[in-house]
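Engineer: The structure's right below; bear with me while I get my questions together.
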Amino acid sequence: MKVRKVTPGKKKRSTSRKAKPTAANTKRQKLSAGSGPEDGKKIKSFPIVGIGGSAGGLEAFSNLLEHLPTDLGMAYIYIQHLSPSHESFLPQILQRKTRMPVIRVKDNTPLNKDHVYVMPAKHHITVTDGRLKLEKINKGDSVHAIDQFLTSLAPLYQQNAIGIILSGTGSDGTQGLMAIKAEGGITFAQDSTAHYMGMPNHAADMGYVDFVMPPEKIAKELASLIRHPYSVTAQHDFLLENKTGLRKIHMLMHSKRGVDFSNYKQTTIHRRIMRRMALNKMKDLESYLQLLKENKQEVDALYQDLLITVTNFFRDPGMYQALTNKILPSLLKNRKPNDPIRIWIPGCATGEEAVSFAIVLLEYLGEKALTMQIQIFATDLNEKAIEKARSGIYPKTALQNVSPQRLRRFFVKSNGNYQVIKTIRDMCIYAPHNLLKDPPFSRMDVISCQNVLIYLEAALQNKIMHSFHYALKPTGYLLLGKSETVGNATDLFDHPSKQHKVYTKRLVNTPLQLDFSVRNYSPMIDLPEDETRHTITHAKEPDLEKETDKLLLTRYVPASVLVNKDLEILRFRGATSKFIEPASGKASLHLLKMIKEELAFDLRTVIHHAKKEGRIAKKEGIVVGANGGSVEITIEVVPIKGSGRDAFYLIIFREQAVIGAPPVAKKAAGNRASQINDKRIASLEAQLKEARDSIRIITEDFEATREELQSANEEVLSSNEELQSINEELETSKEELQSTNEELTTINEELQLRNSELREAGDYAKTILESMHESLLIMNYNLKVKNANRGFYQTFQVTPEETEGLFLYELGDRQWDIPELRKQLKMVQTRGISFTDFEVTYNFPHIGRKTMLLNAHRFPLKEGSDTMIMLTMRDTTERRQMIETLKENEERFRLLIQNASDIITVFDRDGTVKYESSAIEHVLGHKAEERVGRNINMDPIVHPDDLKIKVGLLKESIARPKENVYGEFRLRHKDGSYRMIDAIFRNLLDDKKINGIIANYRDVTERKTLEQQKDEFIGIASHELKTPVTSIKAYAQILESMFLKVNDKKSAELLGKMNQQVDRLTTLIVDLLDFTRIEGGKLKFREEEYEMNELIDEITEEMQRTSVKHTIEKKLDQPVKIRGDRYRTGQVLTNLISNAIKYSPDGGKVIVSSKAQDSTITINIQDFGIGIEQEMARKVFDRFFRITQPTLNTFAGLGLGLYIAAEFVRRQDGKIWVKSTKNKGSTFSFSLPVNTNK
Amino acid sequence: MKKKKKGVGQRRTAEKAITGVKRKIIIIDDDPGVRDIFEIIFEKEGYCVELKSDGHFLTHESYQLPDLFFIDKQLSGGNGLDLCRYLKSQSKTSQIPVIMISAAPDIASLSKEARADDYLEKPFELAHLLELADYYLSKREEALPSTNC
């Protein structure tokens, strides 16, 4: 069943606050649906929490949200008083507090579980059909947005509605909580944690709040309520399962409070009991019953809950219209002036309806109201409500349906609330009254019983109908609530107007059921005896008594008048004409003006006594001569306490006895005596008359004074009224101010939040600016510096004091007064044209020459006095210098390359020339431009025989990236001659900057020629030097042999020595030449393949011959063929072996060993001679190194031998080293690569 | 430093050949000192020595073919290696052994290139010189008829 069926569309709820009828409708539907646990209303399947807040509410709600579990399955609608002129950021602010989605409500927003809804500004929000509706607020509309929403929520969601009022001033929310509580929902108000206690306090003071606690606890309580097994959300009426328990509760309530709720609509009753249980966290009826027995307060709370009533001023405008248009005209027709209009309003609650009736009546009657007597009997079961009604004080929120005119006319402001004016309060008589128990009133013109019957079962309704029928005058009207009917009692009432629930009495006898007694419960439960019980049993007797009294009253009533404290006559009873007659002059009902003169004095005295003492005063035996006879009259004044502080007085006149004509006894008395007596009487009478006259005069004076005083008093009263109205106006202004203030506070809260965000943003920007290396100046429109960042102060070495507030051009000795900058800034100032990267180079006094890029922007870009200009300066001095240096370097390198004697060529991968340096012109006479684009394979200037070499170099270079590849070829000069070119190729294809193969050509033609000449020279020198030596040596040997022949041994020996010296000379010559070659890089190696062992054999054999003292031993590895210069290697061996011999002067062994391993062969020459010290060992292969030990003086030489040997080894990619121990001998080793695979 | 000692046996004295005719050796060297030494040594050994300062005679004069040539590499009028090549290219002289004499360190390979039979590096030991001559002359003993000096 959809709610649409529950609340028919024709009912417009938004215009008037008809919470109750809707609720009644839903209830009726519920009943007809069989009140099962699943009786539809899907939209009520989850609770809706309405949260109201105003000033200080944001913080409280944030707090609540933070503590609220996000999975409670409820929807939360936050109603906040918002400024209409200010855009709210509530949803964004609140979203930070919860994981639940926070949604700004739009019209027709559907409600979902675990969502938070926030109302937008300038709107009222209501709920219908599970959707939120928005209504634009018009000026002058009520500002009670919270009430508006909660009252729309309550009837739809009933016990599923939860209302929370948080911090805020004023009283908004109170009505809303009342509505929610009335429908069985639960209500909360913030406690003293609220910054503004107005709203929560007001609601709590009015008694509509179940829980008063801080927001965090509210969150917890919400969670525990929702998780309570019989929580507010329980659909199932589980109480039905425990009839005994219910019965016990009914009995308890009956005994304690005298009200039998068992005939009330049980669904309603159960719902409220369940609500109380939920609030008390009671899980079953028994424990709750126990609580009720123990806790009187809970009984009161339950009683109040059960009786809770919702009423409003002018709740059903249609009905009041009918009242003015139809009922009152017909009632007043032919009405006698002293026939009071009697109206009974049963179930008046806090009296709003009664007051509404009174207002309508007064308005309708206008002037006539003064004379017309109106009695409105307003009754209710709830004594608390009656008390409230009597006071006639209502909060402003309750008066929403009261028009401002009515408010002004019928209400008086007091303590921020409104009190009904006294006239109305006088008209309304409030009394506690139980419709079912107490006898009805009688002779009523109108009975208005709104929304009472709906709470009662049909049987009771019927009974009440009979009461009403009895109470009404024959012409009387019965008004019922919109959803109520007379039910079965159609025989008693007519329903002339289908439009309104206005019934007329049928003129049938009321089948009186004067059974207003209390049903007695069987004493199966022992209820605690208390005074209430006694009152119940006593209750019977006054009824009979009353009836009797009534009877007696009509028959034997003495003449009496009821006056108010001003002695205005209110009622006349019995025959008063004997005592009272209208005075001449202005018509007046004033008692003392109407009372017969003879009684006036005594009456005044008696009234005075009664007034003074507050109790009955009596004067007996006032003799009044009437109709020739004297009558003795007793005047009794009985003070009657009326409602409020007003006192009434009932003045009862009684004729005691008739004193007839002069008594018979008089005649019997002596004449004389009688004469004396007569005289005396006459004189006494005269005296009396005099006295009376004087008293009358005094009285008159007194009266005059009194009247004067009265008028003065009236004046005071009227001034007071004026003051009051001023006060009222002030109050209204105050309220307006308050609501403005509230809005301001709300805005302020938001602003504070925005402020802190702004501050963060500011700090953020400031930090960025401050940590920025660039200098930054912020100036106003006139270029006066407002601010500069740290970068500026650091860069220009100035302080804020000498910067801020100055004009830009004044800064630092007018150093910024640069004409071009002025021009640019003018454009920025006047037209807002920014400039960027405007370069300035300037000599600054402190920091020297700086180059800067200046940028200026004007902001905000619209015209205005607070326009700012931002000038940023980037110090590009270093960059500038770097760029210049870079340029210089580039130029230098370019010139170097251009002017280098070497030609630099860049090839791409396929050998096309991408670049050739202009050096080619110097070297070969060709223009560089002619060369670019030519392919290496078709280079016309390469010597045809060498083309292969050059192409080969390129290929090899491609194969071996980033390695130098060396080669030689010939290139033809423009003059036709060929030049020898020494080339280095290097593959830099992978280098992104070069992306080519770089070739460096050096013209080595001259060098080659020179080298050749040098070679030739060395050859010649070698020849020329050696030739004479050869001759000398040969001659010496010939001579030696000749001397030997002739046996001249001595001469032969000398010649032998000479021969040795020649050998040394030869070695020196050979070494020198070799050294020259090595140093000149002209040592030529001739590679050939040879067998190492063979070479060693050869050399050792030869060396063995030079010494007889030494034995050369060989320990050779297997024969190995190696590739290299056999001759040079032989020289190395010779050198090392001759050294071994030389440095082991005492003879002994020299071991020559070889070891072939991997692709190298290592040869060791070991001697057992004098050895070398370790530190010397490293230097032995150095040029010109000579072992300088004294013992070695004998071994002189150039020191080139080992150097040359080492060079020979190294040039063949070999290694040479020595291990030596002093006095133990040395081992010289060298290794050579085998290289045969080459 | 000298090589090719293989097969060079003990020096045979010239007297051994006295029974036959004298062996003839032509020495081409531009240095008179060296020429003098060769003359002294080889004549002492009983060889027939003919001394020349250059190779002019080879092409311009008729001469008696020797059993052995000693040619200095470095001649003032030309290159001894060229002479060697020439001799080796002429059918009547190609069989006559040629020994190059030089002070150049690379004479070994140079003389091989010029198809010389052997080389002698300056300065040399007399013994070595005689061994070489003896060796090549003894090889020629069977090959050629003896000639008179």
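If you're wondering about the labels, chains in the structure tokens are A, B, ... by order shown, residues count from 1 in each chain, ligands from 1 in order shown.
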Chain A residues within 10 Å of chain B, counting only C-alpha atoms: which ones, as an MDAnalysis selection string?
Structural biologist: chainID A and resid 1018:1038 1059 1062:1063 1066:1067 1070 1073:1074 1084:1086 1095 1098:1099 1102:1103 1127:1128 1130:1131 1134
Engineer: Tell me which protein, DNA and RNA residues are within 8 Å of Leu456 in chain A, counting only C-alpha atoms, leaving out same-chain ones fewer than 4 positions away, and put them as a list of chain:residue names.
Structural biologist: A:Asn263, A:Tyr264, A:Lys265, A:Val452, A:Leu460, A:Gln461
Engineer: Using only C-alpha atoms, which residue out of B:Phe70, B:Thr59, B:Ser91, B:Tyr136 lies closest to Glu39 in chain B?
Structural biologist: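 Smallest distance to Glu39 in chain B is found for B:Phe70.
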Engineer: Pick out the residues sitting within 10 Å of Leu65 in chain B, and hand them over as a list in words; count only C-alpha atoms, and ignore anything fewer than 2 positions along from it in its own chain.
Structural biologist: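 After dropping sequence-adjacent residues, the list is Lys24, Ile25, Ile26, Leu58, Ser62, Tyr63, Asp67, Leu68, Phe69, Lys92, Thr93, Ile96 and Thr147 of chain B.
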Engineer: Write the selection just made, keeping all heavy atoms, as a compact mmCIF listing (two decimals), in the first residue's frame?
Structural biologist:
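Result file selection20.txt:
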# COMPACT_ATOMS: atom_id res chain seq x y z
N LYS B 24 137.37 -19.03 -56.10
CA LYS B 24 137.40 -17.59 -56.35
C LYS B 24 136.19 -16.90 -55.65
O LYS B 24 135.06 -17.36 -55.77
CB LYS B 24 137.36 -17.32 -57.87
CG LYS B 24 137.44 -15.83 -58.15
CD LYS B 24 137.41 -15.54 -59.63
CE LYS B 24 137.50 -14.02 -59.87
NZ LYS B 24 137.46 -13.76 -61.31
N ILE B 25 136.58 -15.86 -54.94
CA ILE B 25 135.53 -15.09 -54.27
C ILE B 25 135.59 -13.65 -54.75
O ILE B 25 136.66 -13.05 -54.79
CB ILE B 25 135.71 -15.11 -52.75
CG1 ILE B 25 135.69 -16.55 -52.22
CG2 ILE B 25 134.60 -14.28 -52.04
CD1 ILE B 25 136.12 -16.69 -50.79
N ILE B 26 134.41 -13.10 -55.13
CA ILE B 26 134.39 -11.68 -55.48
C ILE B 26 133.74 -10.92 -54.33
O ILE B 26 132.64 -11.27 -53.87
CB ILE B 26 133.61 -11.44 -56.79
CG1 ILE B 26 134.35 -12.06 -57.97
CG2 ILE B 26 133.35 -9.92 -56.99
CD1 ILE B 26 133.70 -11.81 -59.32
N LEU B 58 129.92 -5.82 -63.33
CA LEU B 58 129.02 -6.94 -63.62
C LEU B 58 128.36 -6.79 -64.98
O LEU B 58 128.10 -7.75 -65.67
CB LEU B 58 127.94 -7.05 -62.54
CG LEU B 58 128.42 -7.47 -61.14
CD1 LEU B 58 127.28 -7.40 -60.15
CD2 LEU B 58 128.97 -8.91 -61.20
N SER B 62 133.85 -7.83 -68.79
CA SER B 62 133.79 -9.29 -68.74
C SER B 62 134.65 -9.74 -67.57
O SER B 62 135.69 -9.17 -67.31
CB SER B 62 134.31 -9.89 -70.08
OG SER B 62 135.66 -9.49 -70.29
N TYR B 63 134.21 -10.69 -66.82
CA TYR B 63 134.98 -11.11 -65.65
C TYR B 63 134.82 -12.61 -65.47
O TYR B 63 133.86 -13.23 -65.98
CB TYR B 63 134.47 -10.35 -64.41
CG TYR B 63 133.03 -10.68 -64.02
CD1 TYR B 63 132.77 -11.63 -63.03
CD2 TYR B 63 131.97 -10.06 -64.69
CE1 TYR B 63 131.47 -11.94 -62.69
CE2 TYR B 63 130.70 -10.39 -64.36
CZ TYR B 63 130.39 -11.30 -63.35
OH TYR B 63 129.13 -11.62 -63.06
N ASP B 67 133.24 -18.34 -57.32
CA ASP B 67 132.47 -19.40 -56.67
C ASP B 67 131.54 -18.81 -55.59
O ASP B 67 130.63 -19.50 -55.09
CB ASP B 67 133.41 -20.40 -56.00
CG ASP B 67 134.26 -21.10 -57.04
OD1 ASP B 67 133.65 -21.81 -57.88
OD2 ASP B 67 135.48 -20.90 -57.03
N LEU B 68 131.84 -17.58 -55.23
CA LEU B 68 131.05 -16.96 -54.14
C LEU B 68 131.14 -15.44 -54.25
O LEU B 68 132.18 -14.90 -54.55
CB LEU B 68 131.62 -17.42 -52.78
CG LEU B 68 130.96 -16.88 -51.51
CD1 LEU B 68 129.50 -17.33 -51.40
CD2 LEU B 68 131.75 -17.37 -50.28
N PHE B 69 129.89 -14.79 -54.02
CA PHE B 69 129.89 -13.32 -53.98
C PHE B 69 129.69 -12.85 -52.56
O PHE B 69 128.82 -13.37 -51.84
CB PHE B 69 128.73 -12.76 -54.82
CG PHE B 69 129.00 -12.69 -56.30
CD1 PHE B 69 128.43 -13.60 -57.19
CD2 PHE B 69 129.81 -11.66 -56.83
CE1 PHE B 69 128.65 -13.52 -58.55
CE2 PHE B 69 130.02 -11.59 -58.21
CZ PHE B 69 129.44 -12.51 -59.06
N LYS B 92 123.69 -17.29 -65.93
CA LYS B 92 125.04 -17.76 -65.68
C LYS B 92 125.51 -17.51 -64.26
O LYS B 92 126.44 -18.14 -63.79
CB LYS B 92 126.05 -17.12 -66.68
CG LYS B 92 126.10 -15.59 -66.65
CD LYS B 92 127.23 -15.09 -67.58
CE LYS B 92 127.35 -13.55 -67.49
NZ LYS B 92 128.43 -13.03 -68.27
N THR B 93 124.83 -16.61 -63.55
CA THR B 93 125.26 -16.32 -62.19
C THR B 93 124.27 -16.78 -61.13
O THR B 93 124.54 -16.72 -59.93
CB THR B 93 125.47 -14.82 -61.99
OG1 THR B 93 124.27 -14.14 -62.42
CG2 THR B 93 126.69 -14.32 -62.74
N ILE B 96 125.44 -19.09 -58.45
CA ILE B 96 126.56 -18.72 -57.59
C ILE B 96 126.02 -18.14 -56.29
O ILE B 96 125.17 -17.23 -56.31
CB ILE B 96 127.45 -17.67 -58.28
CG1 ILE B 96 127.98 -18.22 -59.61
CG2 ILE B 96 128.61 -17.24 -57.36
CD1 ILE B 96 128.60 -17.19 -60.49
N THR B 147 138.30 -23.22 -61.10
CA THR B 147 138.86 -22.23 -62.00
C THR B 147 140.19 -21.73 -61.46
O THR B 147 140.42 -21.73 -60.25
CB THR B 147 137.91 -21.02 -62.14
OG1 THR B 147 137.45 -20.68 -60.83
CG2 THR B 147 136.75 -21.33 -63.04
